[in-house]
>>> print(open('start_14.txt').read())   # compact mmCIF, C-alpha atoms and all ligand atoms
# COMPACT_ATOMS: atom_id res chain seq x y z
CA MET A 1 99.38 76.00 104.53
CA SER A 2 97.93 79.28 103.16
CA THR A 3 98.52 80.43 99.61
CA HIS A 4 98.93 84.17 99.14
CA LEU A 5 99.05 86.21 95.97
CA ILE A 6 101.25 89.27 96.40
CA THR A 7 101.18 91.66 93.46
CA GLY A 8 104.22 93.91 93.25
CA ALA A 9 106.33 91.21 94.93
CA ALA A 10 109.57 92.57 93.42
CA GLY A 11 108.71 95.99 94.86
CA PHE A 12 109.83 97.36 98.22
CA ILE A 13 106.85 96.46 100.43
CA GLY A 14 105.85 93.35 98.43
CA TYR A 15 109.33 91.89 98.76
CA HIS A 16 109.42 92.30 102.55
CA LEU A 17 105.91 90.90 102.99
CA ALA A 18 106.73 87.89 100.79
CA GLU A 19 109.91 87.18 102.82
CA ARG A 20 107.91 87.16 106.03
CA LEU A 21 105.22 84.81 104.73
CA LEU A 22 107.73 82.45 103.12
CA GLU A 23 109.82 82.27 106.28
CA ARG A 24 106.68 81.26 108.14
CA GLY A 25 106.22 78.38 105.68
CA ASP A 26 103.27 79.79 103.69
CA ARG A 27 103.07 79.55 99.90
CA VAL A 28 103.48 82.81 97.97
CA VAL A 29 102.78 83.53 94.34
CA GLY A 30 104.41 86.86 93.45
CA LEU A 31 103.39 88.89 90.43
CA ASP A 32 105.35 91.82 89.00
CA ASN A 33 106.05 93.31 85.58
CA LEU A 34 109.54 94.43 86.68
CA ASN A 35 109.04 97.82 85.07
CA ASP A 36 111.82 100.40 84.89
CA TYR A 37 110.21 103.18 86.98
CA TYR A 38 113.31 102.66 89.12
CA SER A 39 116.31 100.27 89.03
CA VAL A 40 115.29 96.91 87.53
CA GLU A 41 118.50 95.50 89.00
CA LEU A 42 117.28 96.28 92.53
CA LYS A 43 113.92 94.60 91.78
CA LYS A 44 115.74 91.54 90.43
CA SER A 45 117.97 91.36 93.52
CA ARG A 46 114.89 91.29 95.73
CA LEU A 47 113.36 88.63 93.50
CA ASP A 48 116.52 86.49 93.60
CA ARG A 49 116.23 86.37 97.36
CA LEU A 50 112.58 85.30 97.20
CA GLN A 51 113.39 82.63 94.65
CA ARG A 52 115.63 80.86 97.18
CA HIS A 53 112.44 79.65 98.87
CA ASP A 54 110.86 76.48 97.40
CA ASN A 55 107.37 77.69 98.21
CA PHE A 56 107.72 80.87 96.11
CA THR A 57 106.45 81.11 92.52
CA PHE A 58 107.14 84.16 90.40
CA VAL A 59 104.82 85.26 87.60
CA LYS A 60 106.06 88.04 85.35
CA ALA A 61 102.93 89.74 84.08
CA ASP A 62 101.36 93.15 83.74
CA LEU A 63 98.24 94.02 85.72
CA VAL A 64 96.63 95.46 82.61
CA ASP A 65 96.88 92.07 80.84
CA GLN A 66 93.45 90.72 81.73
CA ALA A 67 94.09 87.27 80.22
CA ALA A 68 97.28 86.86 82.29
CA ILE A 69 95.48 87.85 85.50
CA ASP A 70 92.53 85.53 84.79
CA ASP A 71 94.93 82.71 83.96
CA LEU A 72 96.78 83.23 87.26
CA PHE A 73 93.55 82.97 89.25
CA ALA A 74 92.49 79.89 87.25
CA LYS A 75 95.76 78.11 88.17
CA HIS A 76 95.77 78.92 91.90
CA ASP A 77 93.29 78.97 94.72
CA PHE A 78 94.35 82.00 96.75
CA ASP A 79 93.48 82.19 100.44
CA ARG A 80 94.54 85.85 100.53
CA VAL A 81 95.35 88.44 97.91
CA VAL A 82 97.55 91.40 98.84
CA HIS A 83 97.55 93.86 95.98
CA LEU A 84 100.57 96.16 96.16
CA ALA A 85 101.54 96.53 92.48
CA ALA A 86 100.86 100.06 91.29
CA GLN A 87 102.48 103.01 89.68
CA ALA A 88 103.77 104.73 92.82
CA GLY A 89 105.14 108.26 93.33
CA VAL A 90 103.40 111.64 93.59
CA ARG A 91 105.87 113.68 91.53
CA TYR A 92 106.10 111.23 88.61
CA SER A 93 102.32 111.46 88.23
CA LEU A 94 102.68 115.10 87.16
CA THR A 95 104.62 114.02 84.06
CA HIS A 96 103.35 110.46 83.39
CA PRO A 97 99.60 110.50 84.10
CA ARG A 98 98.72 107.60 81.79
CA ALA A 99 100.93 105.13 83.66
CA TYR A 100 98.73 105.74 86.74
CA VAL A 101 95.49 105.24 84.86
CA GLN A 102 96.78 101.99 83.36
CA SER A 103 98.29 100.28 86.40
CA ASN A 104 96.18 101.80 89.16
CA LEU A 105 92.75 101.90 87.53
CA VAL A 106 92.68 99.37 84.66
CA GLY A 107 95.03 97.02 86.56
CA PHE A 108 93.05 97.36 89.78
CA THR A 109 89.82 96.53 87.91
CA ASN A 110 91.43 93.32 86.62
CA ILE A 111 92.35 92.32 90.19
CA LEU A 112 88.87 93.13 91.51
CA GLU A 113 87.21 91.14 88.72
CA ALA A 114 89.50 88.15 89.21
CA CYS A 115 88.89 88.17 92.99
CA ARG A 116 85.17 88.46 92.46
CA HIS A 117 84.97 85.49 90.10
CA ALA A 118 87.35 83.36 92.19
CA LYS A 119 85.43 84.26 95.38
CA THR A 120 88.71 85.28 97.02
CA PRO A 121 88.21 85.26 100.80
CA HIS A 122 89.98 88.60 101.37
CA LEU A 123 91.55 91.27 99.17
CA THR A 124 93.91 93.66 100.96
CA TYR A 125 95.17 96.51 98.76
CA ALA A 126 97.50 99.50 99.01
CA SER A 127 95.98 102.92 99.34
CA SER A 128 98.00 105.95 100.41
CA SER A 129 98.18 108.82 102.92
CA SER A 130 98.10 111.09 99.84
CA VAL A 131 94.30 110.58 99.60
CA TYR A 132 93.97 113.09 102.48
CA GLY A 133 95.20 115.98 100.33
CA GLY A 134 96.07 119.29 101.98
CA GLY A 135 94.39 121.16 104.80
CA THR A 136 93.07 118.02 106.46
CA GLN A 137 92.56 117.95 110.21
CA MET A 138 95.48 116.38 112.16
CA PRO A 139 95.93 113.56 112.84
CA PHE A 140 94.45 112.09 109.65
CA SER A 141 91.57 109.83 110.55
CA THR A 142 89.66 107.43 108.32
CA SER A 143 86.44 108.86 109.74
CA GLN A 144 87.13 112.11 107.82
CA ARG A 145 85.64 112.33 104.36
CA VAL A 146 88.40 112.98 101.87
CA ASP A 147 87.64 114.08 98.34
CA HIS A 148 90.31 116.61 97.40
CA PRO A 149 93.35 114.70 96.10
CA LEU A 150 96.26 116.97 95.12
CA SER A 151 97.84 114.68 92.50
CA LEU A 152 96.67 112.14 89.96
CA TYR A 153 98.49 109.48 92.01
CA ALA A 154 96.32 110.35 95.03
CA ALA A 155 93.22 110.44 92.83
CA THR A 156 93.87 106.89 91.58
CA LYS A 157 94.37 105.64 95.14
CA LYS A 158 91.14 107.29 96.31
CA SER A 159 89.45 105.76 93.24
CA ASN A 160 90.70 102.33 94.31
CA GLU A 161 88.92 102.75 97.64
CA LEU A 162 85.69 103.70 95.84
CA MET A 163 86.02 100.82 93.38
CA ALA A 164 86.64 98.36 96.24
CA HIS A 165 83.54 99.70 97.94
CA THR A 166 81.37 98.80 94.97
CA TYR A 167 82.81 95.25 94.82
CA SER A 168 82.26 94.72 98.53
CA HIS A 169 78.77 96.18 98.28
CA LEU A 170 77.64 94.46 95.07
CA TYR A 171 79.45 91.12 95.27
CA GLY A 172 80.26 90.68 98.97
CA LEU A 173 83.99 90.69 98.25
CA PRO A 174 85.74 91.37 101.58
CA THR A 175 88.21 94.19 100.91
CA THR A 176 90.59 96.16 103.12
CA GLY A 177 92.40 99.27 101.91
CA LEU A 178 95.51 100.28 103.82
CA ARG A 179 96.59 103.91 103.58
CA PHE A 180 100.38 103.67 103.82
CA PHE A 181 102.34 106.59 105.29
CA THR A 182 105.88 107.15 103.85
CA VAL A 183 107.42 103.70 104.23
CA TYR A 184 111.21 103.43 104.60
CA GLY A 185 113.85 100.82 105.41
CA PRO A 186 116.34 98.37 103.86
CA TRP A 187 115.68 97.53 100.19
CA GLY A 188 113.76 100.83 99.99
CA ARG A 189 112.82 102.73 96.86
CA PRO A 190 115.48 104.77 95.06
CA ASP A 191 112.93 107.50 94.21
CA MET A 192 112.14 108.20 97.88
CA ALA A 193 113.76 110.75 100.22
CA LEU A 194 115.86 108.49 102.45
CA PHE A 195 117.50 106.67 99.52
CA LEU A 196 118.07 109.91 97.56
CA PHE A 197 119.58 111.67 100.59
CA VAL A 198 121.92 108.85 101.63
CA LYS A 199 123.12 108.33 98.06
CA ALA A 200 123.77 112.05 97.43
CA ILE A 201 125.46 112.63 100.79
CA LEU A 202 127.80 109.64 100.32
CA GLU A 203 128.63 110.84 96.79
CA GLY A 204 129.35 114.39 98.05
CA ARG A 205 126.45 115.92 96.11
CA PRO A 206 123.91 118.41 97.51
CA ILE A 207 120.44 117.19 98.50
CA ASP A 208 117.19 118.90 97.44
CA VAL A 209 115.24 119.95 100.52
CA PHE A 210 111.70 120.98 99.68
CA ASN A 211 109.68 123.47 101.72
CA GLU A 212 112.94 124.38 103.50
CA GLY A 213 112.77 121.12 105.47
CA LYS A 214 109.58 122.19 107.28
CA MET A 215 107.41 119.45 105.79
CA ARG A 216 106.35 116.81 108.30
CA ARG A 217 106.07 113.16 107.37
CA ASP A 218 104.85 110.18 109.35
CA PHE A 219 107.84 108.02 108.32
CA THR A 220 106.94 104.37 108.96
CA TYR A 221 109.47 101.57 109.20
CA ILE A 222 109.05 98.64 106.84
CA ASP A 223 108.95 95.92 109.56
CA ASP A 224 106.06 97.69 111.29
CA ILE A 225 104.25 97.98 107.95
CA VAL A 226 104.76 94.28 107.14
CA GLU A 227 103.50 93.29 110.59
CA GLY A 228 100.35 95.39 110.06
CA VAL A 229 99.70 94.19 106.51
CA ASP A 230 100.16 90.57 107.54
CA ARG A 231 97.82 90.86 110.52
CA THR A 232 95.22 92.68 108.41
CA SER A 233 95.36 90.23 105.54
CA GLN A 234 95.01 87.26 107.93
CA GLN A 235 91.92 88.71 109.46
CA ILE A 236 89.19 87.95 106.99
CA ALA A 237 86.22 90.25 107.31
CA ALA A 238 83.15 88.09 106.78
CA PRO A 239 80.52 89.64 104.51
CA ASP A 240 77.76 90.88 106.77
CA PRO A 241 74.34 89.90 105.31
CA ASN A 242 72.71 92.83 107.12
CA TRP A 243 75.22 95.38 105.86
CA LYS A 244 73.29 98.19 104.17
CA SER A 245 75.25 101.32 104.90
CA ASP A 246 77.15 103.20 102.20
CA GLU A 247 79.52 104.48 104.85
CA PRO A 248 82.91 102.87 105.40
CA ASP A 249 82.95 101.72 109.00
CA PRO A 250 86.60 101.33 110.02
CA SER A 251 85.66 100.39 113.58
CA SER A 252 83.84 97.23 112.55
CA SER A 253 86.02 94.20 111.88
CA ASN A 254 82.96 92.37 110.66
CA ALA A 255 82.22 94.60 107.67
CA PRO A 256 83.19 93.42 104.22
CA TYR A 257 84.65 96.85 103.41
CA ARG A 258 87.33 98.48 105.52
CA ILE A 259 89.85 101.29 105.20
CA TYR A 260 92.67 101.82 107.71
CA ASN A 261 95.63 104.11 108.17
CA ILE A 262 98.93 102.29 108.57
CA GLY A 263 101.51 104.79 109.77
CA ASN A 264 103.85 105.67 112.62
CA ASN A 265 101.51 108.04 114.49
CA ASP A 266 104.53 110.30 115.11
CA PRO A 267 105.29 112.81 112.34
CA VAL A 268 108.85 114.10 112.01
CA GLU A 269 110.04 117.33 110.38
CA LEU A 270 112.09 116.71 107.25
CA GLY A 271 114.92 118.79 108.76
CA VAL A 272 115.07 116.47 111.80
CA PHE A 273 114.97 113.42 109.51
CA ILE A 274 117.97 114.82 107.61
CA GLU A 275 119.87 115.57 110.85
CA THR A 276 119.37 111.94 111.89
CA ILE A 277 120.80 110.75 108.56
CA GLU A 278 123.77 113.14 108.95
CA LYS A 279 124.46 111.77 112.44
CA GLU A 280 124.27 108.18 111.21
CA LEU A 281 126.62 108.86 108.29
CA GLY A 282 128.88 111.24 110.24
CA ILE A 283 128.68 113.69 107.31
CA THR A 284 126.99 117.11 107.10
CA ALA A 285 124.82 117.36 103.99
CA GLN A 286 125.06 120.20 101.48
CA LYS A 287 121.49 121.42 101.06
CA ASN A 288 119.58 123.03 98.18
CA MET A 289 116.67 124.73 99.90
CA LEU A 290 113.71 124.65 97.51
CA PRO A 291 110.04 125.66 97.63
CA MET A 292 107.19 123.20 98.07
CA GLN A 293 106.65 120.97 95.02
CA PRO A 294 103.29 120.89 93.26
CA GLY A 295 101.26 117.87 94.38
CA ASP A 296 103.07 117.62 97.74
CA VAL A 297 101.27 118.09 101.06
CA PRO A 298 102.80 120.04 103.98
CA ALA A 299 102.27 117.28 106.55
CA THR A 300 101.08 113.73 107.06
CA TYR A 301 100.08 112.27 110.42
CA ALA A 302 98.33 108.92 110.84
CA ASP A 303 95.74 108.23 113.48
CA THR A 304 96.29 104.47 113.71
CA SER A 305 93.81 103.74 116.52
CA ALA A 306 91.34 101.95 114.20
CA LEU A 307 93.95 99.47 112.97
CA GLU A 308 95.16 99.01 116.53
CA SER A 309 91.66 98.07 117.73
CA ALA A 310 91.08 95.80 114.73
CA VAL A 311 94.32 93.83 114.59
CA GLY A 312 96.53 95.10 117.44
CA PHE A 313 98.79 97.13 115.11
CA LYS A 314 101.34 99.22 117.05
CA PRO A 315 104.32 100.77 115.23
CA LYS A 316 107.45 100.46 117.36
CA THR A 317 110.52 101.48 115.35
CA PRO A 318 112.03 104.93 116.07
CA ILE A 319 113.60 106.75 113.09
CA GLN A 320 117.09 106.46 114.62
CA THR A 321 116.88 102.65 114.45
CA GLY A 322 115.14 102.61 111.07
CA ILE A 323 117.65 104.98 109.46
CA ALA A 324 120.61 103.05 110.94
CA ASN A 325 119.21 99.81 109.47
CA PHE A 326 118.74 101.45 106.06
CA VAL A 327 122.27 102.88 106.04
CA ALA A 328 123.74 99.49 107.01
CA TRP A 329 121.83 97.82 104.16
CA TYR A 330 122.78 100.55 101.66
CA ARG A 331 126.49 100.31 102.50
CA ASP A 332 126.42 96.55 102.27
CA TYR A 333 124.38 96.34 99.03
CA TYR A 334 126.35 99.01 97.15
CA GLY A 335 129.69 98.24 98.82
CA VAL A 336 130.27 101.85 100.00
P1 LIG B 401 107.29 99.70 94.45
O1 LIG B 401 107.25 100.57 93.24
O2 LIG B 401 108.60 99.37 95.04
O3 LIG B 401 106.51 98.36 94.17
C1 LIG B 401 105.48 98.23 93.21
C2 LIG B 401 105.82 97.05 92.32
O4 LIG B 401 104.72 96.89 91.41
C3 LIG B 401 107.07 97.27 91.47
O5 LIG B 401 107.99 96.21 91.63
C4 LIG B 401 106.56 97.36 90.03
O6 LIG B 401 107.46 96.74 89.11
C5 LIG B 401 105.24 96.61 90.11
N1 LIG B 401 104.26 97.11 89.15
C6 LIG B 401 103.93 98.40 88.89
N2 LIG B 401 103.01 98.48 87.92
C7 LIG B 401 102.74 97.19 87.56
C8 LIG B 401 101.88 96.61 86.60
N3 LIG B 401 101.13 97.36 85.78
N4 LIG B 401 101.84 95.25 86.49
C9 LIG B 401 102.62 94.46 87.30
N5 LIG B 401 103.48 94.97 88.22
C10 LIG B 401 103.53 96.32 88.35
O7 LIG B 401 106.37 100.44 95.54
P2 LIG B 401 106.19 100.16 97.10
O8 LIG B 401 106.83 101.26 97.83
O9 LIG B 401 106.53 98.76 97.41
O10 LIG B 401 104.62 100.37 97.23
C11 LIG B 401 103.70 99.29 97.22
C12 LIG B 401 102.30 99.88 97.19
O11 LIG B 401 102.10 100.75 98.31
C13 LIG B 401 102.00 100.72 95.96
O12 LIG B 401 100.66 100.49 95.60
C14 LIG B 401 102.19 102.14 96.44
O13 LIG B 401 101.42 103.06 95.69
C15 LIG B 401 101.69 102.02 97.86
N6 LIG B 401 102.24 103.04 98.76
C16 LIG B 401 103.57 103.01 99.08
C17 LIG B 401 104.07 104.00 99.92
C18 LIG B 401 105.53 104.02 100.33
O14 LIG B 401 105.91 104.89 101.10
N7 LIG B 401 106.37 103.09 99.86
C19 LIG B 401 103.23 105.00 100.43
C20 LIG B 401 101.89 104.99 100.08
C21 LIG B 401 101.40 103.99 99.26
>>> encode(input="start_14.txt", output="structure tokens")
Amino acid sequence: MSTHLITGAAGFIGYHLAERLLERGDRVVGLDNLNDYYSVELKKSRLDRLQRHDNFTFVKADLVDQAAIDDLFAKHDFDRVVHLAAQAGVRYSLTHPRAYVQSNLVGFTNILEACRHAKTPHLTYASSSSVYGGGTQMPFSTSQRVDHPLSLYAATKKSNELMAHTYSHLYGLPTTGLRFFTVYGPWGRPDMALFLFVKAILEGRPIDVFNEGKMRRDFTYIDDIVEGVDRTSQQIAAPDPNWKSDEPDPSSSNAPYRIYNIGNNDPVELGVFIETIEKELGITAQKNMLPMQPGDVPATYADTSALESAVGFKPKTPIQTGIANFVAWYRDYYGV
């Protein structure tokens, strides 16, 4: 039986991944600080569900607490580490920059150091489509060099990839960064578009539509994401003794350092996304048409061919199904 550490286990993606591994019979240690960036109640509800499994252990700790992280690695022998805890959100980074430096840079260093000393077989960590910035060639490919982040959030995620590179290079720590593209689905984040739209529409309030709904996002359903993260984490990239290049080589599954896109490979205009929600709810939304927000990018579009060749990742959930599943969960959870 494998033992996995999932950081951010009370978060949206961490919760779903933990459920999948626990249902398979693996052991999961989940770490989270249960911070109040969004509803602590929602995080606790996710956690309650995980705690029904005997093979789940919860550790409430902050990533920046080096002693707590070291202690966790001293107590457990992790076969895989999936690091998802971070300060998420592009817009919040405009007003709360220090939270990103703490969790995403100091916290990430603590995870890297702990994995290095414990000789963790494989560290998989969350990067983001935001590292591509604006004006990037479509679809976004990991073979493109990206060095123009448009928000501090994106800058910390790009920094994580660079930091992981040094640990793979210097210490032979096998690392895989996954650039997530707008993940949505049941138990989703209250600060993200789908949740905000459904909530406002059901409460009869107008929704804020940025860039007049012309932005395009590669909305990716949570089950597809979990499938891809699980497959990636399982596949341990053995350190290659002959590896000398400074270049990330996403096509090689044998390199100790990898970066992949994990997205839907099918961008959708925000306006179309909203129409699908309206159809599902049977309500026409009142819309506040607003300009583009600072830090936002006009479009995201994942080329997922590298992850497909490496682990057979193939997203398969259309937005109609994904939105219907979210709405069903939302109505059930909030009783509306
Ligand atoms: P989330 O906010 O729901 O989950 C993150 C969890 O980490 C939260 O439960 C939070 O309490 C915890 N956390 C934050 N800072 C911490 C700290 N210092 N110490 C301990 N715990 C801490 O976010 P999510 O949507 O599940 O995202 C997971 C990861 O994927 C994040 O790294 C995020 O940046 C990245 N990502 C997500 C998306 C998306 O669309 N959801 C897109 C791109 C990247």
>>> closest_residue(input="start_14.txt", among="A:Phe197, A:Phe58, A:Tyr37, A:Tyr330", to="ligand LIG 401 (chain B)", atoms="all atoms listed in the file")
A:Tyr37
>>> closest_atom_pairs(input="start_14.txt", of="chain A", to="ligand LIG 401 (chain B)", cutoff="7 Å", atoms="only C-alpha atoms and all ligand atoms", output="CSV")
residue,atom,partner,partner_atom,distance
A:Thr7,CA,B:LIG401,N5,6.6
A:Gly8,CA,B:LIG401,O4,3.5
A:Ala9,CA,B:LIG401,O5,6.2
A:Ala10,CA,B:LIG401,O5,4.4
A:Gly11,CA,B:LIG401,O3,3.3
A:Phe12,CA,B:LIG401,O9,3.7
A:Ile13,CA,B:LIG401,O9,3.8
A:Gly14,CA,B:LIG401,O9,5.5
A:Leu31,CA,B:LIG401,C9,6.4
A:Asp32,CA,B:LIG401,N5,3.7
A:Asn33,CA,B:LIG401,C9,4.0
A:Leu34,CA,B:LIG401,O6,3.9
A:Asn35,CA,B:LIG401,O6,4.5
A:Lys43,CA,B:LIG401,O5,6.1
A:Ala61,CA,B:LIG401,C9,5.7
A:Asp62,CA,B:LIG401,N4,3.5
A:Leu63,CA,B:LIG401,N4,3.9
A:Val64,CA,B:LIG401,N3,5.8
A:Leu84,CA,B:LIG401,C12,4.2
A:Ala85,CA,B:LIG401,O4,3.4
A:Ala86,CA,B:LIG401,C6,4.2
A:Gln87,CA,B:LIG401,N2,4.9
A:Ala88,CA,B:LIG401,O13,4.1
A:Gly89,CA,B:LIG401,O13,6.8
A:Gln102,CA,B:LIG401,N3,6.8
A:Ser103,CA,B:LIG401,N3,4.1
A:Gly107,CA,B:LIG401,N3,6.2
A:Ala126,CA,B:LIG401,O12,4.8
A:Ser127,CA,B:LIG401,C21,5.5
A:Ser128,CA,B:LIG401,C20,4.0
A:Ser129,CA,B:LIG401,C20,6.0
A:Arg179,CA,B:LIG401,C20,6.4
A:Phe180,CA,B:LIG401,C20,4.2
A:Phe181,CA,B:LIG401,C19,5.2
A:Thr182,CA,B:LIG401,O14,3.6
A:Val183,CA,B:LIG401,O14,3.7
A:Tyr184,CA,B:LIG401,O14,6.5
A:Arg189,CA,B:LIG401,O2,5.7
>>> write_last_selection(input="start_14.txt", atoms="C-alpha atoms", output="short mmCIF file (atom, residue, chain, number, x, y, z; two decimals), in the coordinates of the input")
data_model
loop_
_atom_site.label_atom_id
_atom_site.label_comp_id
_atom_site.auth_asym_id
_atom_site.auth_seq_id
_atom_site.Cartn_x
_atom_site.Cartn_y
_atom_site.Cartn_z
CA THR A 7 101.18 91.66 93.46
CA GLY A 8 104.22 93.91 93.25
CA ALA A 9 106.33 91.21 94.93
CA ALA A 10 109.57 92.57 93.42
CA GLY A 11 108.71 95.99 94.86
CA PHE A 12 109.83 97.36 98.22
CA ILE A 13 106.85 96.46 100.43
CA GLY A 14 105.85 93.35 98.43
CA LEU A 31 103.39 88.89 90.43
CA ASP A 32 105.35 91.82 89.00
CA ASN A 33 106.05 93.31 85.58
CA LEU A 34 109.54 94.43 86.68
CA ASN A 35 109.04 97.82 85.07
CA LYS A 43 113.92 94.60 91.78
CA ALA A 61 102.93 89.74 84.08
CA ASP A 62 101.36 93.15 83.74
CA LEU A 63 98.24 94.02 85.72
CA VAL A 64 96.63 95.46 82.61
CA LEU A 84 100.57 96.16 96.16
CA ALA A 85 101.54 96.53 92.48
CA ALA A 86 100.86 100.06 91.29
CA GLN A 87 102.48 103.01 89.68
CA ALA A 88 103.77 104.73 92.82
CA GLY A 89 105.14 108.26 93.33
CA GLN A 102 96.78 101.99 83.36
CA SER A 103 98.29 100.28 86.40
CA GLY A 107 95.03 97.02 86.56
CA ALA A 126 97.50 99.50 99.01
CA SER A 127 95.98 102.92 99.34
CA SER A 128 98.00 105.95 100.41
CA SER A 129 98.18 108.82 102.92
CA ARG A 179 96.59 103.91 103.58
CA PHE A 180 100.38 103.67 103.82
CA PHE A 181 102.34 106.59 105.29
CA THR A 182 105.88 107.15 103.85
CA VAL A 183 107.42 103.70 104.23
CA TYR A 184 111.21 103.43 104.60
CA ARG A 189 112.82 102.73 96.86
#
>>> closest_residue(input="start_14.txt", among="A:Leu170, A:Val297, A:Ala154, A:Ala74", to="Tyr100 in chain A", atoms="only C-alpha atoms")
A:Ala154
>>> atom_distance(input="start_14.txt", atom1="CA of Ala118 in chain A", atom2="CA of Ala310 in chain A")
26.0 Å
>>> atom_distance(input="start_14.txt", atom1="CA of Ile323 in chain A", atom2="CA of Glu280 in chain A")
7.6 Å
